[in-house]
Amino acid sequence: MKAVDAPAERNRRPRRRALRRGRRSLGLRTRILATFGLGSLVLSTFLALSTFNFTRSNLVDERESTAISKVYRDATRLQSDLTSNPTKVQAAIERLGAERPLLYFRGTWTGDDARFSSSAIPASMLAVVLDERRPSVMRTEVDGELVILIGVPLTDVDGAYFEFPTIDDIRSTLHSVGLAMILAAAITTLVGIVLGAIAASRAVRPLVAASQAAQAIAGGRLDTRLVETNDPDLAALTTSFNAMASALEQRVERDARFTSDVSHELRSPLQTLKASVEVMQARRDELPERTQAALDLMVADVARFQGLVEDLLEISRLDAGAVKLMVEELLVGEFVRQAVGISSAAETPVNVARSAADVIINGDRRRLARVIANLIDNGRSYGGGEMEVTVFDPDEKDGEPITQIWITVEDRGPGVDPNERERIFERFARGGVAGRRSGSEGAGLGLALVDEHIRLHGGRVWVDDRPDGLDGARFVIELPAERSR
Amino acid sequence: MHREFIRLFSNGCNERSEGSSRPTTPAIGQDEGVGTRILAVEDDGRIRAAVKLALEDEGWIVDEAASGEEAVVIFLREPADVVLIDIMLPGIDGFELCRTIRRSSDVPIVIVTARADTHDVVAGLEAGADDYLTKPFAPKELSARIRALLRRARPAHPAHPKLVFGDLEVTPDEGKVVRGGTEIHLTKTEFRLLCELAQSPGKVFSREQLLDHVWGYGYFGDGRLVDVHVRRLRTKVELDPANPRHVVTVRGLGYRLQA
C-alpha cells in the first residue's frame, strides 16, 4: 500500500483573481529580447548613418574647398593673361593646365572637353555667374559623373570661368564606407540580440524557479521554499513568495487540525447516540407502538447523521488536500462484487464482462467501495426498482492491452434530465431533479464525493441514458486499468 | 505524574512475574462472554455510560476508566480480559497506555480512533493494539471484534503438536514459541498469526486470507493490521528483523513462513 497526496487545490473554481488581466502580451523573454534587438538596431543604424554622413561631408567639403581655391587661382591668372593678351584665349587656357576648364569670353565658350561645355551648366548657375556676376558652386552630375561645378565671373574682362573637378572617386570611397557601416550595424544588432537572449534567460531564471516552487506547493509539497538571495531586486520576490508559502502551509495545517478537532467533537456525541440507540433497539419489543415508531425514526436518522458527518469531514479533508489514498491493486470484478455486497442493496446483480474478469486497478479499497455504495444509495432512493451493476472494457479489442475499465450502475427510474447531468455532481445541488435526487438520502454530498474520489483515482464519472433504451439512468465510472492478471 | 504511574505499574508487574510465571499461556477454555471483563478507557462520561450499557446487553462485564492513569490502577487491581482504549485521552494518551499494558500483559487491546486513514491506526497497532475501531462504532461490532479476539486465544489447529522452522519451535497446543532454546513471549494475536502461517509452511498467505483467518474480517478489512502485526512478530522471532529469514514478504502477494 502506498499513500498518494491529493491535489492541494481544486482547479474547478470558475472565477480567479488575477493580478493583471487584459490584452494578451508577449512573453517577458521575448520582450527583453525584442528590446535589446531593436535598441541595438536603432542605435547602430543611427551611429552608422551619422558616421557615413560625417565622412561624406568631410571628404566632399575638403575637396570642394581645395577645388574652389584652385579655380580662384586659375581665374585670377586667366584674367591677368586675358587683360594683357585678349586674343590668345586658347593659349591662356592651356597654360593653366587645369582639368576640364571652360571659359566664357566675349560671347564665346572655350573648353577642352566637349562633355563639359556650357550645356552642362544649369541655367540658374549661368544666370548667377554671367548676369549677377557672382561666383557659384554646385555639385552636379555630368554624363553620369559626379562633379563639383565651380563658376567664377571674370569681372575685369567681362567673362566667366568654370571648372568641373570630379568627385566621382569619393563616391566609391563612400560606397565602401557605407558597406562597412551596414556590416557594423548588422553585427552590433546581432550582438545585441545575443546579449538580449542572455539577459532574458538570466531575468527569467528566478521566475522559472518561482514557478517550479509554486507547482511543487500546488502538488502538496507545502514545505517548498525559494533559496534566499542577495539580489535586492529578487529579494522582494523571494521573501514574499516564501512568506506566502509559510502562510499557506500554516493555514493548511490549521485547517487539517480544525478538521480533526471537529471530527473528534462530532464523533463523541454520535458515539453516545449510537450506543444508546442500540440499547433501546435491543428492547424494542418491550416498547409501546408509538415509542417503537419514534425509535425507528431515531435509528434511521442517527445513521443519516453519521453519514452526513462523515461526508462533510471527507469533503473538507479533500479540500484541505489532506486525503491520503491507501492505494493497492484490486481485481476489479471481485472488488465490485464485494462492494455491492456491503451496500444498501446487496442483492443487486453484478455482471462482470469476460474482458474485465482479470483486470487489476489501483485504488483505495474502502473509498472506492464507498463510491459504489453511494451510487447504489443514489439509484435506490431516486431511480428505484431493479438496479444492475456492470463491469466491462469500453473499447474491447483483441490482443490490445486494456487501458480503462467502466463500472456502470443502471436504475429503472425516470432518468436524469440532460440539463441536470453535470449539476447533480455538485455539492448540495439544489432544484429540479437534483434536489429530489439528493433530498431523501445523504445531504447532496454523496455524488459530489463520488466525483471527487473518482478524480483522485485518475478517472471520471458521469450519468447518461440507459444504453438499452429503457427508462432509467446509467452512472458510469471510468477508471484507468492497471493491467490484466 | 503519569510517568510515575507507568514506573509503578511496570515494577509491580515485574515483581508479580518473579513470583508466579507470566501469563504466557493463552486463556483456554474460557466461555465467550460469560464472566469476561472488559476495561473501557474513555474520558467522555456519556460515551462511557452508553457503551457500558450496550456492552452489558451483550453479556460482558464492563469496568470503566476515565483516564489512562485510572486504567493502570484498575488493571493492576483486577486484570481485564479485553481492554478498549480511546486514543485521545487526557494525561497519558492511548498509545502510551497501550505500551504500558503491553510491557506486562498480552491482554487483547482494541483501540478507538477518530479516523481510519490517519497515522493513529498504525501508531496504535505499533504500540501493541490487536485491532481498532473508528468512532462512532456500533457496540455490536465491538462485541464481534472482542469475540474474534478471544477466539484467537485458543490454539489454532492441534493437529500438529510441534512445528519446527530452523531455530524456531512452535507448540500450538501450549501456545509456546521457542527460538534457540529460549522461550519467546508473543501476544495472543501474534501467536495466532504465527500459527496460521505455520500451518502450511512455505505457502503464501495473502493479506485478505490472514485478515479473514486471524481477525475474522471480510474483504474490506484493513491490510495494515497484517502488516503491523508481521512487523511486531518479526522483532520477536527474527534474529535480524530488518532481514527476516522466517516470516518472509512475497511482493504483491502476501507473507509466508519458512525455515
# chains A, B, ... in the order shown; residues from 1 in each chain; ligands from 1
call {"tool": "residues_around", "arguments": {"residues": "Pro206 of chain A", "least_positions_apart": "5", "cutoff": "12 Å", "atoms": "only C-alpha atoms", "output": "PyMOL selection string"}}
result
chain A and resi 200-201+211-213+226-229+231+233-238+241
call {"tool": "closest_atom_pairs", "arguments": {"of": "chain B", "to": "chain A", "cutoff": "7 Å", "atoms": "only C-alpha atoms", "output": "tab-separated table"}}
result
residue	atom	partner	partner_atom	distance
B:Arg46	CA	A:Thr272	CA	6.3
B:Ile47	CA	A:Thr272	CA	4.6
B:Ala50	CA	A:Ser276	CA	5.3
B:Val51	CA	A:Ala275	CA	5.5
B:Leu53	CA	A:Val279	CA	6.8
B:Ala54	CA	A:Val279	CA	5.2
B:Ala114	CA	A:His264	CA	6.1
B:Lys135	CA	A:Arg267	CA	6.0
B:Pro136	CA	A:Gln271	CA	4.5
B:Phe137	CA	A:Gln271	CA	6.6
B:Ala138	CA	A:Lys274	CA	6.4
B:Pro139	CA	A:Ala275	CA	6.1
B:Tyr219	CA	A:Gln338	CA	6.8
B:Phe220	CA	A:Arg366	CA	6.7
call {"tool": "write_last_selection", "arguments": {"atoms": "C-alpha atoms", "output": "PDB file, in the first residue's frame"}}
result
ATOM      1  CA  ARG B  46     -21.620   9.853  28.490  1.00  0.00           C
ATOM      2  CA  ILE B  47     -19.924   7.709  25.875  1.00  0.00           C
ATOM      3  CA  ALA B  50     -23.726   4.377  26.845  1.00  0.00           C
ATOM      4  CA  VAL B  51     -21.067   1.915  25.664  1.00  0.00           C
ATOM      5  CA  LEU B  53     -24.939  -0.234  28.790  1.00  0.00           C
ATOM      6  CA  ALA B  54     -24.709  -1.616  25.276  1.00  0.00           C
ATOM      7  CA  ALA B 114     -11.302   9.132  15.102  1.00  0.00           C
ATOM      8  CA  LYS B 135     -15.613   6.286  16.237  1.00  0.00           C
ATOM      9  CA  PRO B 136     -18.586   6.148  16.175  1.00  0.00           C
ATOM     10  CA  PHE B 137     -18.667   2.358  16.244  1.00  0.00           C
ATOM     11  CA  ALA B 138     -21.655   0.117  16.823  1.00  0.00           C
ATOM     12  CA  PRO B 139     -21.301  -1.750  20.140  1.00  0.00           C
ATOM     13  CA  TYR B 219     -12.947  -8.328   2.089  1.00  0.00           C
ATOM     14  CA  PHE B 220     -12.862  -4.806   3.472  1.00  0.00           C
TER      15      PHE B 220
END
call {"tool": "closest_residue", "arguments": {"among": "B:Leu55, B:Ile184, B:Leu193, B:Val62", "to": "Leu142 of chain B", "atoms": "only C-alpha atoms"}}
result
B:Leu55
call {"tool": "select_by_dssp", "arguments": {"residues": "segment 117-347 of chain A", "states": "strand (DSSP E)", "output": "MDAnalysis selection string"}}
result
chainID A and resid 136:142 145:154 159:163 324:331
call {"tool": "write_last_selection", "arguments": {"atoms": "C-alpha atoms", "output": "mmCIF file, in the first residue's frame"}}
result
data_model
loop_
_atom_site.group_PDB
_atom_site.id
_atom_site.type_symbol
_atom_site.label_atom_id
_atom_site.label_comp_id
_atom_site.auth_asym_id
_atom_site.auth_seq_id
_atom_site.Cartn_x
_atom_site.Cartn_y
_atom_site.Cartn_z
ATOM 1 C CA SER A 136 28.766 79.934 -57.573
ATOM 2 C CA VAL A 137 29.426 76.342 -56.596
ATOM 3 C CA MET A 138 27.222 73.314 -57.040
ATOM 4 C CA ARG A 139 27.501 69.558 -57.062
ATOM 5 C CA THR A 140 26.024 68.046 -60.136
ATOM 6 C CA GLU A 141 26.189 65.059 -62.347
ATOM 7 C CA VAL A 142 27.541 65.386 -65.831
ATOM 8 C CA GLU A 145 29.930 61.548 -63.386
ATOM 9 C CA LEU A 146 29.689 63.382 -60.072
ATOM 10 C CA VAL A 147 31.459 66.747 -60.276
ATOM 11 C CA ILE A 148 31.810 69.993 -58.341
ATOM 12 C CA LEU A 149 30.822 72.711 -60.773
ATOM 13 C CA ILE A 150 32.542 75.986 -59.854
ATOM 14 C CA GLY A 151 31.869 79.222 -61.720
ATOM 15 C CA VAL A 152 33.789 82.482 -61.174
ATOM 16 C CA PRO A 153 32.951 85.737 -63.002
ATOM 17 C CA LEU A 154 35.979 87.465 -64.588
ATOM 18 C CA GLY A 159 33.851 86.867 -68.902
ATOM 19 C CA ALA A 160 33.448 83.870 -66.668
ATOM 20 C CA TYR A 161 35.481 80.836 -65.883
ATOM 21 C CA PHE A 162 34.126 77.388 -64.962
ATOM 22 C CA GLU A 163 35.767 74.174 -63.887
ATOM 23 C CA LYS A 324 -4.273 10.110 1.554
ATOM 24 C CA LEU A 325 -5.426 7.313 -0.680
ATOM 25 C CA MET A 326 -4.374 3.881 0.513
ATOM 26 C CA VAL A 327 -3.750 2.548 -2.942
ATOM 27 C CA GLU A 328 -3.463 -1.173 -3.590
ATOM 28 C CA GLU A 329 -4.015 -3.483 -6.517
ATOM 29 C CA LEU A 330 -7.626 -4.622 -6.785
ATOM 30 C CA LEU A 331 -9.101 -7.285 -9.004
#
call {"tool": "select_by_dssp", "arguments": {"residues": "segment 103-244 of chain B", "states": "alpha helix (DSSP H)", "output": "ChimeraX atom specification"}}
result
/B:119-126,139-152,188-199,207-210,223-237
call {"tool": "write_last_selection", "arguments": {"atoms": "C-alpha atoms", "output": "compact mmCIF listing (two decimals), in the first residue's frame"}}
result
# COMPACT_ATOMS: atom_id res chain seq x y z
CA HIS B 119 -1.44 7.68 11.33
CA ASP B 120 -3.24 6.89 14.60
CA VAL B 121 -4.14 3.39 13.44
CA VAL B 122 -0.59 2.35 12.59
CA ALA B 123 0.81 4.08 15.69
CA GLY B 124 -1.77 2.33 17.88
CA LEU B 125 -1.05 -1.07 16.35
CA GLU B 126 2.66 -0.49 16.74
CA PRO B 139 -21.30 -1.75 20.14
CA LYS B 140 -22.49 -4.89 18.30
CA GLU B 141 -19.47 -4.55 16.02
CA LEU B 142 -17.21 -4.12 19.04
CA SER B 143 -18.69 -7.30 20.56
CA ALA B 144 -17.98 -9.15 17.35
CA ARG B 145 -14.37 -7.94 17.41
CA ILE B 146 -13.97 -8.94 21.06
CA ARG B 147 -15.35 -12.42 20.33
CA ALA B 148 -12.90 -12.76 17.45
CA LEU B 149 -10.03 -11.65 19.68
CA LEU B 150 -10.92 -14.13 22.40
CA ARG B 151 -11.38 -16.91 19.88
CA ARG B 152 -7.89 -16.13 18.74
CA LYS B 188 -2.33 -13.78 21.51
CA THR B 189 -2.78 -12.23 18.09
CA GLU B 190 0.90 -12.55 17.18
CA PHE B 191 0.78 -16.17 18.24
CA ARG B 192 -2.34 -16.85 16.23
CA LEU B 193 -0.77 -15.17 13.18
CA LEU B 194 2.36 -17.31 13.54
CA CYS B 195 0.29 -20.49 13.90
CA GLU B 196 -1.73 -19.57 10.82
CA LEU B 197 1.45 -19.18 8.77
CA ALA B 198 2.99 -22.28 10.38
CA GLN B 199 0.04 -24.45 9.35
CA ARG B 207 -3.38 -10.23 3.46
CA GLU B 208 -7.05 -10.99 2.85
CA GLN B 209 -6.61 -14.61 3.93
CA LEU B 210 -4.74 -13.65 7.07
CA GLY B 223 -4.35 -4.76 5.44
CA ARG B 224 -2.33 -2.61 7.83
CA LEU B 225 -3.43 -4.91 10.66
CA VAL B 226 -1.49 -7.71 8.98
CA ASP B 227 1.50 -5.56 8.06
CA VAL B 228 1.99 -4.12 11.54
CA HIS B 229 1.49 -7.46 13.26
CA VAL B 230 4.00 -9.10 10.93
CA ARG B 231 6.44 -6.32 11.81
CA ARG B 232 5.86 -6.87 15.50
CA LEU B 233 6.17 -10.63 15.09
CA ARG B 234 9.50 -10.23 13.31
CA THR B 235 11.01 -8.17 16.11
CA LYS B 236 10.35 -11.17 18.36
CA VAL B 237 11.06 -14.23 16.22
call {"tool": "residues_around", "arguments": {"residues": "Val340 of chain A", "least_positions_apart": "5", "cutoff": "8 Å", "atoms": "only C-alpha atoms", "output": "list of chain:residue names"}}
result
A:Ala345, A:Ala346, A:Glu347, A:Thr348, A:Val350, A:Ala369, A:Ile372, A:Ala373, A:Ile376
call {"tool": "write_last_selection", "arguments": {"atoms": "C-alpha atoms", "output": "CSV table (one decimal), in the first residue's frame"}}
result
chain,number,residue,atom,x,y,z
A,345,ALA,CA,-28.8,-3.1,-2.0
A,346,ALA,CA,-26.6,-6.1,-1.6
A,347,GLU,CA,-28.8,-8.2,-3.8
A,348,THR,CA,-28.1,-6.0,-6.9
A,350,VAL,CA,-23.2,-7.6,-10.8
A,369,ALA,CA,-16.4,0.8,-2.1
A,372,ILE,CA,-20.1,2.3,-5.4
A,373,ALA,CA,-22.2,2.3,-2.2
A,376,ILE,CA,-26.3,2.4,-5.3
call {"tool": "atom_distance", "arguments": {"atom1": "atom CA of Leu43 of chain A", "atom2": "atom CA of Leu59 of chain A"}}
result
24.1 Å
call {"tool": "atom_distance", "arguments": {"atom1": "atom CA of Leu470 of chain A", "atom2": "atom CA of Arg412 of chain A"}}
result
7.6 Å
call {"tool": "residues_around", "arguments": {"residues": "Ile74 of chain B", "least_positions_apart": "2", "cutoff": "12 Å", "atoms": "only C-alpha atoms", "output": "PyMOL selection string"}}
result
chain B and resi 5+9+37-41+62-72+76-80+83+101
call {"tool": "write_last_selection", "arguments": {"atoms": "N, CA and C atoms", "output": "PDB file, in the first residue's frame"}}
result
ATOM      1  N   PHE B   5       3.248   6.671  37.397  1.00  0.00           N
ATOM      2  CA  PHE B   5       2.261   5.610  37.281  1.00  0.00           C
ATOM      3  C   PHE B   5       2.807   4.452  36.474  1.00  0.00           C
ATOM      4  N   PHE B   9       3.597   0.843  37.733  1.00  0.00           N
ATOM      5  CA  PHE B   9       2.886  -0.252  37.099  1.00  0.00           C
ATOM      6  C   PHE B   9       3.864  -1.325  36.630  1.00  0.00           C
ATOM      7  N   ARG B  37     -14.306  -9.894  31.389  1.00  0.00           N
ATOM      8  CA  ARG B  37     -14.229  -8.493  31.822  1.00  0.00           C
ATOM      9  C   ARG B  37     -13.633  -7.636  30.712  1.00  0.00           C
ATOM     10  N   ILE B  38     -14.320  -6.531  30.464  1.00  0.00           N
ATOM     11  CA  ILE B  38     -13.782  -5.559  29.505  1.00  0.00           C
ATOM     12  C   ILE B  38     -13.479  -4.289  30.278  1.00  0.00           C
ATOM     13  N   LEU B  39     -12.265  -3.772  30.092  1.00  0.00           N
ATOM     14  CA  LEU B  39     -11.939  -2.482  30.695  1.00  0.00           C
ATOM     15  C   LEU B  39     -12.066  -1.419  29.605  1.00  0.00           C
ATOM     16  N   ALA B  40     -13.048  -0.529  29.752  1.00  0.00           N
ATOM     17  CA  ALA B  40     -13.276   0.513  28.751  1.00  0.00           C
ATOM     18  C   ALA B  40     -12.638   1.809  29.237  1.00  0.00           C
ATOM     19  N   VAL B  41     -11.643   2.307  28.490  1.00  0.00           N
ATOM     20  CA  VAL B  41     -10.953   3.540  28.879  1.00  0.00           C
ATOM     21  C   VAL B  41     -11.416   4.649  27.941  1.00  0.00           C
ATOM     22  N   VAL B  62     -18.316  -4.954  32.381  1.00  0.00           N
ATOM     23  CA  VAL B  62     -17.563  -3.778  31.933  1.00  0.00           C
ATOM     24  C   VAL B  62     -17.038  -2.980  33.116  1.00  0.00           C
ATOM     25  N   ASP B  63     -15.707  -2.805  33.146  1.00  0.00           N
ATOM     26  CA  ASP B  63     -15.093  -1.865  34.092  1.00  0.00           C
ATOM     27  C   ASP B  63     -14.825  -0.568  33.341  1.00  0.00           C
ATOM     28  N   GLU B  64     -14.966   0.566  34.048  1.00  0.00           N
ATOM     29  CA  GLU B  64     -14.754   1.842  33.377  1.00  0.00           C
ATOM     30  C   GLU B  64     -13.517   2.529  33.931  1.00  0.00           C
ATOM     31  N   ALA B  65     -12.830   3.246  33.039  1.00  0.00           N
ATOM     32  CA  ALA B  65     -11.741   4.115  33.487  1.00  0.00           C
ATOM     33  C   ALA B  65     -11.828   5.402  32.690  1.00  0.00           C
ATOM     34  N   ALA B  66     -11.704   6.539  33.359  1.00  0.00           N
ATOM     35  CA  ALA B  66     -11.865   7.828  32.697  1.00  0.00           C
ATOM     36  C   ALA B  66     -10.544   8.375  32.182  1.00  0.00           C
ATOM     37  N   SER B  67      -9.430   7.753  32.590  1.00  0.00           N
ATOM     38  CA  SER B  67      -8.130   8.243  32.124  1.00  0.00           C
ATOM     39  C   SER B  67      -7.162   7.074  32.088  1.00  0.00           C
ATOM     40  N   GLY B  68      -6.022   7.324  31.442  1.00  0.00           N
ATOM     41  CA  GLY B  68      -5.001   6.294  31.368  1.00  0.00           C
ATOM     42  C   GLY B  68      -4.495   5.915  32.747  1.00  0.00           C
ATOM     43  N   GLU B  69      -4.320   6.935  33.594  1.00  0.00           N
ATOM     44  CA  GLU B  69      -3.809   6.697  34.947  1.00  0.00           C
ATOM     45  C   GLU B  69      -4.760   5.785  35.725  1.00  0.00           C
ATOM     46  N   GLU B  70      -6.061   6.120  35.632  1.00  0.00           N
ATOM     47  CA  GLU B  70      -7.065   5.326  36.334  1.00  0.00           C
ATOM     48  C   GLU B  70      -7.080   3.899  35.788  1.00  0.00           C
ATOM     49  N   ALA B  71      -6.935   3.793  34.445  1.00  0.00           N
ATOM     50  CA  ALA B  71      -6.943   2.474  33.814  1.00  0.00           C
ATOM     51  C   ALA B  71      -5.819   1.609  34.359  1.00  0.00           C
ATOM     52  N   VAL B  72      -4.636   2.210  34.551  1.00  0.00           N
ATOM     53  CA  VAL B  72      -3.486   1.467  35.055  1.00  0.00           C
ATOM     54  C   VAL B  72      -3.786   0.915  36.446  1.00  0.00           C
ATOM     55  N   LEU B  76      -4.239  -3.022  37.358  1.00  0.00           N
ATOM     56  CA  LEU B  76      -3.381  -3.631  38.374  1.00  0.00           C
ATOM     57  C   LEU B  76      -4.207  -4.414  39.384  1.00  0.00           C
ATOM     58  N   ARG B  77      -5.328  -3.794  39.764  1.00  0.00           N
ATOM     59  CA  ARG B  77      -6.152  -4.386  40.805  1.00  0.00           C
ATOM     60  C   ARG B  77      -6.841  -5.643  40.285  1.00  0.00           C
ATOM     61  N   GLU B  78      -7.384  -5.508  39.059  1.00  0.00           N
ATOM     62  CA  GLU B  78      -8.123  -6.639  38.505  1.00  0.00           C
ATOM     63  C   GLU B  78      -7.914  -6.690  36.989  1.00  0.00           C
ATOM     64  N   PRO B  79      -6.957  -7.481  36.510  1.00  0.00           N
ATOM     65  CA  PRO B  79      -6.670  -7.524  35.073  1.00  0.00           C
ATOM     66  C   PRO B  79      -7.914  -7.912  34.269  1.00  0.00           C
ATOM     67  N   ALA B  80      -8.178  -7.143  33.184  1.00  0.00           N
ATOM     68  CA  ALA B  80      -9.333  -7.428  32.338  1.00  0.00           C
ATOM     69  C   ALA B  80      -8.967  -8.474  31.296  1.00  0.00           C
ATOM     70  N   VAL B  83      -9.070  -4.999  26.731  1.00  0.00           N
ATOM     71  CA  VAL B  83      -9.034  -3.577  27.077  1.00  0.00           C
ATOM     72  C   VAL B  83      -9.430  -2.771  25.842  1.00  0.00           C
ATOM     73  N   ILE B 101       0.587  -1.258  29.132  1.00  0.00           N
ATOM     74  CA  ILE B 101      -0.068  -2.542  29.389  1.00  0.00           C
ATOM     75  C   ILE B 101       0.723  -3.678  28.742  1.00  0.00           C
TER      76      ILE B 101
END
call {"tool": "atom_distance", "arguments": {"atom1": "atom CA of Val177 of chain A", "atom2": "atom CA of Thr66 of chain A"}}
result
22.2 Å
call {"tool": "residues_around", "arguments": {"residues": "Thr189 of chain A", "least_positions_apart": "6", "cutoff": "8 Å", "atoms": "only C-alpha atoms", "output": "PyMOL selection string"}}
result
chain A and resi 37-38+40-41+44
call {"tool": "write_last_selection", "arguments": {"atoms": "C-alpha atoms", "output": "compact mmCIF listing (two decimals), in the first residue's frame"}}
result
# COMPACT_ATOMS: atom_id res chain seq x y z
CA GLY A 37 17.48 43.70 -30.55
CA LEU A 38 15.54 46.79 -31.55
CA SER A 40 20.91 47.84 -30.76
CA LEU A 41 19.45 48.05 -34.29
CA SER A 44 23.83 51.09 -34.58
call {"tool": "closest_residue", "arguments": {"among": "A:Leu207, A:Ser119, A:Asp393, A:Val463", "to": "Glu420 of chain A", "atoms": "only C-alpha atoms"}}
result
A:Val463
